[in-house]
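For reference, start.txt is printed below; it contains compact mmCIF, C-alpha atoms.
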# COMPACT_ATOMS: atom_id res chain seq x y z
CA GLU A 1 -44.50 -103.30 25.33
CA ASN A 2 -46.49 -101.72 28.17
CA PRO A 3 -46.08 -103.73 31.38
CA LYS A 4 -48.76 -102.86 33.93
CA ILE A 5 -47.57 -100.80 36.88
CA GLU A 6 -49.83 -99.34 39.57
CA TYR A 7 -49.24 -95.66 40.42
CA SER A 8 -50.36 -93.47 43.32
CA SER A 9 -52.68 -90.55 42.55
CA PHE A 10 -51.73 -87.23 44.18
CA ILE A 11 -54.03 -84.57 45.63
CA TYR A 12 -52.78 -80.98 45.49
CA SER A 13 -53.91 -77.71 47.10
CA ASP A 14 -54.46 -74.53 45.10
CA ASP A 15 -50.74 -73.66 45.52
CA GLU A 16 -49.72 -77.21 44.48
CA GLN A 17 -48.74 -78.52 47.92
CA GLU A 18 -49.39 -82.24 48.33
CA LEU A 19 -52.44 -82.88 50.52
CA GLY A 20 -52.39 -86.65 50.30
CA ARG A 21 -52.61 -89.53 47.89
CA TYR A 22 -54.80 -92.42 46.84
CA TYR A 23 -53.08 -95.72 46.23
CA ARG A 24 -53.26 -99.47 46.30
CA TYR A 25 -49.47 -99.52 46.13
CA ASN A 26 -47.56 -96.50 47.42
CA ARG A 27 -45.50 -95.67 44.34
CA ASP A 28 -44.30 -92.29 43.06
CA TRP A 29 -42.80 -92.78 39.59
CA VAL A 30 -39.29 -91.41 39.01
CA THR A 31 -37.75 -91.14 35.54
CA PHE A 32 -34.12 -92.04 34.89
CA GLU A 33 -33.29 -88.33 34.47
CA GLU A 34 -34.74 -87.67 37.93
CA LEU A 35 -32.84 -90.49 39.64
CA ASN A 36 -30.19 -89.56 42.17
CA PRO A 37 -26.79 -90.28 40.52
CA LEU A 38 -25.62 -91.83 43.80
CA VAL A 39 -28.42 -94.41 43.55
CA VAL A 40 -27.53 -95.13 39.91
CA ASN A 41 -23.83 -95.54 40.72
CA ALA A 42 -24.49 -97.73 43.75
CA LEU A 43 -26.85 -99.95 41.76
CA VAL A 44 -24.49 -100.44 38.81
CA ALA A 45 -21.47 -101.03 41.06
CA THR A 46 -23.25 -103.63 43.18
CA GLU A 47 -25.71 -105.40 40.92
CA ASP A 48 -24.49 -105.09 37.33
CA GLU A 49 -21.09 -103.53 36.60
CA ARG A 50 -21.49 -103.91 32.80
CA PHE A 51 -25.14 -102.78 32.72
CA PHE A 52 -24.58 -100.04 30.15
CA SER A 53 -22.68 -102.32 27.74
CA HIS A 54 -24.44 -105.71 27.75
CA SER A 55 -27.60 -106.62 25.82
CA GLY A 56 -29.61 -107.98 28.75
CA ILE A 57 -27.42 -110.95 29.72
CA ASP A 58 -23.91 -110.60 31.11
CA PHE A 59 -22.27 -113.81 29.91
CA ARG A 60 -19.06 -113.14 31.87
CA SER A 61 -21.00 -113.03 35.14
CA THR A 62 -23.07 -116.05 34.15
CA VAL A 63 -19.99 -118.19 33.45
CA ARG A 64 -18.37 -117.00 36.71
CA ALA A 65 -21.50 -117.81 38.74
CA PHE A 66 -21.69 -121.34 37.29
CA ALA A 67 -17.96 -121.90 37.78
CA PHE A 68 -18.03 -120.88 41.44
CA PHE A 69 -21.61 -121.98 42.23
CA GLY A 70 -22.65 -118.38 42.87
CA LYS A 71 -19.96 -117.71 45.49
CA LYS A 72 -18.32 -115.02 43.33
CA GLY A 73 -21.55 -113.11 42.80
CA GLY A 74 -24.89 -113.59 41.07
CA ALA A 75 -25.40 -113.89 37.35
CA SER A 76 -28.58 -111.83 37.00
CA THR A 77 -28.33 -108.45 35.31
CA ILE A 78 -30.58 -105.55 36.28
CA THR A 79 -32.63 -106.31 33.16
CA GLN A 80 -33.05 -109.95 34.20
CA GLN A 81 -34.05 -108.86 37.70
CA LEU A 82 -36.67 -106.57 36.15
CA ALA A 83 -37.98 -109.51 34.12
CA LYS A 84 -38.24 -111.53 37.33
CA LEU A 85 -40.20 -108.74 39.07
CA PHE A 86 -42.73 -108.60 36.26
CA PHE A 87 -43.11 -112.13 35.03
CA THR A 88 -41.96 -114.85 37.44
CA GLU A 89 -42.90 -115.87 40.97
CA LYS A 90 -40.84 -117.67 43.62
CA ALA A 91 -39.90 -121.11 42.30
CA GLY A 92 -40.75 -124.21 44.31
CA SER A 93 -37.78 -126.25 43.13
CA THR A 94 -34.35 -125.98 41.50
CA MET A 95 -35.69 -127.29 38.18
CA LYS A 96 -38.50 -124.74 38.15
CA ARG A 97 -35.99 -122.00 38.96
CA LEU A 98 -33.77 -123.07 36.04
CA TRP A 99 -36.80 -122.93 33.75
CA GLN A 100 -37.62 -119.46 35.11
CA LYS A 101 -34.04 -118.38 34.49
CA LEU A 102 -34.39 -119.25 30.81
CA LYS A 103 -37.61 -117.24 30.66
CA GLU A 104 -35.87 -114.28 32.31
CA TRP A 105 -33.05 -114.42 29.76
CA THR A 106 -35.55 -114.26 26.90
CA ILE A 107 -37.61 -111.49 28.47
CA ALA A 108 -34.47 -109.50 29.36
CA ILE A 109 -33.36 -109.53 25.72
CA GLU A 110 -36.83 -108.38 24.64
CA PHE A 111 -36.74 -105.57 27.24
CA GLU A 112 -33.40 -104.41 25.85
CA LYS A 113 -34.87 -104.26 22.32
CA ARG A 114 -37.81 -102.12 23.40
CA TYR A 115 -36.45 -99.80 26.09
CA THR A 116 -33.39 -97.64 26.70
CA LYS A 117 -30.97 -98.51 29.50
CA GLY A 118 -32.30 -95.55 31.48
CA GLU A 119 -35.90 -96.71 31.11
CA ILE A 120 -34.98 -100.24 32.22
CA MET A 121 -33.16 -99.00 35.33
CA ALA A 122 -35.99 -96.61 36.22
CA MET A 123 -38.58 -99.38 35.80
CA TYR A 124 -36.58 -101.68 38.08
CA LEU A 125 -36.15 -99.10 40.84
CA ASN A 126 -39.79 -98.02 40.59
CA LYS A 127 -41.17 -101.57 40.56
CA PHE A 128 -39.22 -103.01 43.52
CA GLU A 129 -40.99 -103.29 46.90
CA PHE A 130 -38.88 -102.10 49.85
CA ASN A 131 -41.20 -103.34 52.66
CA TYR A 132 -43.72 -101.35 54.72
CA GLY A 133 -45.81 -100.65 51.61
CA ALA A 134 -43.00 -98.66 49.98
CA HIS A 135 -43.04 -99.49 46.28
CA GLY A 136 -40.18 -97.91 44.38
CA ILE A 137 -37.13 -95.88 45.27
CA GLN A 138 -39.00 -92.63 45.96
CA ALA A 139 -41.42 -94.18 48.46
CA ALA A 140 -38.50 -96.07 50.06
CA ALA A 141 -36.48 -92.86 50.53
CA GLN A 142 -39.49 -91.16 52.12
CA THR A 143 -40.29 -94.15 54.35
CA TYR A 144 -36.79 -94.88 55.68
CA PHE A 145 -35.13 -91.45 55.55
CA GLY A 146 -37.99 -88.93 55.36
CA LYS A 147 -36.70 -87.32 52.20
CA ASN A 148 -36.91 -87.28 48.41
CA GLN A 149 -34.70 -89.87 46.69
CA LYS A 150 -32.82 -87.09 44.91
CA ASP A 151 -31.66 -85.82 48.33
CA LEU A 152 -30.25 -89.15 49.58
CA LYS A 153 -26.66 -89.14 50.78
CA VAL A 154 -24.32 -91.83 49.48
CA GLU A 155 -24.61 -94.00 52.59
CA GLU A 156 -28.43 -93.78 52.45
CA ALA A 157 -28.44 -94.68 48.75
CA ALA A 158 -26.21 -97.66 49.64
CA VAL A 159 -28.74 -98.87 52.24
CA LEU A 160 -31.61 -98.88 49.74
CA VAL A 161 -29.55 -100.47 46.97
CA GLY A 162 -28.39 -103.08 49.48
CA MET A 163 -32.02 -103.97 50.18
CA LEU A 164 -32.46 -105.07 46.54
CA LYS A 165 -30.60 -108.30 47.39
CA ASN A 166 -33.08 -109.25 50.11
CA PRO A 167 -35.41 -106.58 51.57
CA SER A 168 -36.38 -108.77 54.53
CA LEU A 169 -32.86 -109.75 55.60
CA TYR A 170 -31.54 -106.20 55.05
CA ASN A 171 -34.50 -104.39 56.60
CA PRO A 172 -33.07 -101.17 58.16
CA LYS A 173 -35.83 -101.06 60.76
CA ARG A 174 -35.54 -104.65 62.01
CA PHE A 175 -31.98 -105.77 61.30
CA VAL A 176 -29.68 -102.80 61.78
CA GLU A 177 -26.41 -104.75 61.91
CA ASN A 178 -27.26 -106.81 58.81
CA THR A 179 -28.21 -103.65 56.97
CA GLN A 180 -25.03 -101.81 57.97
CA ASN A 181 -22.90 -104.73 56.78
CA ARG A 182 -24.73 -104.85 53.48
CA ARG A 183 -24.47 -101.06 53.12
CA ASN A 184 -20.72 -101.36 53.53
CA VAL A 185 -20.56 -104.04 50.83
CA VAL A 186 -22.31 -101.62 48.47
CA LEU A 187 -19.97 -98.78 49.44
CA LYS A 188 -16.94 -101.04 48.89
CA GLN A 189 -18.24 -101.94 45.44
CA MET A 190 -18.54 -98.22 44.71
CA VAL A 191 -14.87 -97.82 45.66
CA LYS A 192 -13.94 -100.73 43.37
CA ASN A 193 -15.76 -99.08 40.46
CA ASP A 194 -14.34 -95.59 41.13
CA TYR A 195 -17.60 -94.05 42.32
CA LEU A 196 -16.28 -93.45 45.84
CA THR A 197 -12.86 -92.81 47.37
CA GLU A 198 -11.27 -95.22 49.83
CA GLU A 199 -11.04 -92.37 52.36
CA LYS A 200 -14.78 -91.68 52.17
CA TYR A 201 -15.54 -95.38 52.48
CA LYS A 202 -13.44 -95.66 55.67
CA GLU A 203 -15.28 -92.64 57.08
CA LEU A 204 -18.75 -94.00 56.29
CA LYS A 205 -18.37 -97.70 57.11
CA THR A 206 -18.37 -97.10 60.87
CA GLU A 207 -21.46 -94.86 60.85
CA ILE A 208 -24.43 -96.20 62.79
CA LEU A 209 -27.62 -96.44 60.76
CA ASP A 210 -30.03 -93.61 61.60
CA ASN A 211 -33.68 -94.76 61.84
CA SER A 212 -35.01 -91.58 63.40
CA LYS A 213 -36.84 -90.42 60.25
CA PHE A 214 -38.58 -93.76 59.59
CA LYS A 215 -42.31 -93.39 58.99
CA ARG A 216 -44.60 -95.75 57.16
CA LYS A 217 -46.88 -93.90 54.74
CA GLU A 218 -50.61 -94.31 55.35
CA THR A 219 -53.48 -93.30 53.08
CA TYR A 220 -54.93 -91.06 55.80
CA ASP A 221 -51.69 -89.06 56.18
CA GLY A 222 -51.86 -85.36 55.35
CA PRO A 223 -54.01 -82.33 56.17
CA ALA A 224 -57.76 -81.88 55.54
CA PRO A 225 -58.88 -85.52 55.92
CA TYR A 226 -62.60 -84.62 55.84
CA PHE A 227 -62.11 -82.53 52.71
CA ARG A 228 -60.30 -85.44 51.06
CA ALA A 229 -63.10 -87.83 52.05
CA GLU A 230 -65.62 -85.59 50.28
CA LEU A 231 -63.23 -85.23 47.35
CA THR A 232 -63.32 -89.01 46.88
CA LYS A 233 -67.10 -88.88 46.39
CA THR A 234 -66.77 -86.02 43.92
CA LEU A 235 -64.11 -87.87 41.95
CA ASP A 236 -66.33 -90.96 41.78
CA ASP A 237 -69.14 -88.84 40.32
CA ILE A 238 -66.82 -87.22 37.76
CA LEU A 239 -65.28 -90.52 36.65
CA ASP A 240 -68.65 -92.34 36.59
CA SER A 241 -70.12 -89.60 34.37
CA GLY A 242 -67.93 -90.64 31.44
CA LYS A 243 -66.82 -87.05 30.79
CA VAL A 244 -63.23 -87.91 31.74
CA THR A 245 -61.89 -91.20 30.38
CA LYS A 246 -58.65 -92.94 29.48
CA PRO A 247 -57.39 -92.63 25.89
CA ASP A 248 -58.94 -96.04 25.18
CA GLY A 249 -62.29 -94.95 26.60
CA GLY A 250 -61.94 -96.89 29.87
CA LYS A 251 -62.62 -95.50 33.33
CA TYR A 252 -59.76 -94.17 35.45
CA ASP A 253 -59.10 -95.77 38.83
CA ILE A 254 -57.80 -93.22 41.34
CA TYR A 255 -55.99 -95.97 43.27
CA ILE A 256 -53.74 -97.25 40.47
CA ASP A 257 -53.75 -94.82 37.52
CA GLY A 258 -51.43 -92.09 38.82
CA LEU A 259 -53.75 -89.10 38.47
CA LYS A 260 -52.85 -85.60 39.63
CA ILE A 261 -55.86 -83.99 41.28
CA TYR A 262 -55.82 -80.22 41.78
CA THR A 263 -58.22 -78.69 44.31
CA THR A 264 -59.21 -75.20 45.50
CA LEU A 265 -58.13 -75.76 49.10
CA ASP A 266 -55.67 -73.19 50.52
CA TYR A 267 -52.88 -75.25 52.11
CA ARG A 268 -51.56 -72.46 54.34
CA MET A 269 -54.98 -71.54 55.74
CA GLN A 270 -55.84 -75.21 56.26
CA LYS A 271 -52.68 -75.71 58.35
CA HIS A 272 -53.59 -72.63 60.43
CA ALA A 273 -57.14 -73.94 60.91
CA GLU A 274 -55.89 -77.32 62.07
Conversion result in structure tokens:
Amino acid sequence: ENPKIEYSSFIYSDDEQELGRYYRYNRDWVTFEELNPLVVNALVATEDERFFSHSGIDFRSTVRAFAFFGKKGGASTITQQLAKLFFTEKAGSTMKRLWQKLKEWTIAIEFEKRYTKGEIMAMYLNKFEFNYGAHGIQAAAQTYFGKNQKDLKVEEAAVLVGMLKNPSLYNPKRFVENTQNRRNVVLKQMVKNDYLTEEKYKELKTEILDNSKFKRKETYDGPAPYFRAELTKTLDDILDSGKVTKPDGGKYDIYIDGLKIYTTLDYRMQKHAE
């Protein structure tokens, strides 16, 4: 019912500018309503064309994959892929993988009973690791393109959706040509599913991937590092005191519990001082 997900905690100035974040996994949660429609369309077109109509398993795709030994596309729905992210590890043999597949079918059906389609898609995009410590679509957009996921252009959305197949092989920083080819597959699928025109596809498919905004997020990024170091001690005292607790009475962990921490620091004056 409540799968465990680790969230970043955000530190804000007095005018609510982000100063930095605490995290074990760099993840900024995005709801389905906040997702860029281009990301949604690219994902459905490429990974699961009948996502909004099936009940967790797409039997048409499954039969096709078995008939053509996977050459005509994979059989896993987005819901099954989410199940795999949460509950199964890399299998050491074909037999173990088949057993895992049965588990994923069962879990996918249970997910569909308990969550809306939007919640399932958001969980999948927030859970996936895109390399370089970027967990989730928001962190990936910031890492590879230096922008919020809602501001991604269609070709950028296609790059990140393309990485879902294999984030190592389609790493935009290391394998530019591979990534461009995969991006174009995603764009072509968007044309096939009427999310993109053929003219726009022809225009975009020759574009060279732009890596100029790539920047891996580090915990020390941001202004006022000394202030934030002292803030950590203060937060430990507050949370150790027992005055602020989780609904179940447990202690919050600033590195995984997704807190929003508001401070008195003046962001504008701090930038001037630095």
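The spacing separating CA of Ala140 in chain A from CA of Ile5 in chain A amounts to 16.7 Å.
Counting all atoms listed in the file, the residue from A:Val185, A:Ile107, A:Leu19, A:Leu35 that sits nearest to Glu1 in chain A is A:Ile107.
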Report the centre and edge lengths, in Å to one decimal, of an axis-aligned box enclosing every atom of range 118-128 of chain A listed in the file, padded by 8 Å on each side, as AutoDock Vina command-line options.
--center_x -36.7 --center_y -99.3 --center_z 37.3 --size_x 24.9 --size_y 23.5 --size_z 28.4
When you draw a straight line from CA of Phe145 in chain A to CA of Asn181 in chain A, how long is it in Å?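 Interatomic distance, CA of Phe145 in chain A to CA of Asn181 in chain A: 18.1 Å.
The environment of range 230-237 of chain A within 10 Å, counting only C-alpha atoms and disregarding residues fewer than 2 places along the same chain, consists of Ile11, Tyr22, Pro225, Tyr226, Phe227, Arg228, Leu239, Asp240, Ser241, Gly242, Lys243, Tyr252, Asp253, Ile254, Ile261 and Thr263 of chain A.
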With all atoms listed in the file as the counted atoms, please give the residues lying no more than 12 Å from Arg174 in chain A, apart from itself and same-chain residues fewer than 4 positions off, as a PyMOL selection string. chain A and resi 131-132+144+167-170+178-180+209+211+214
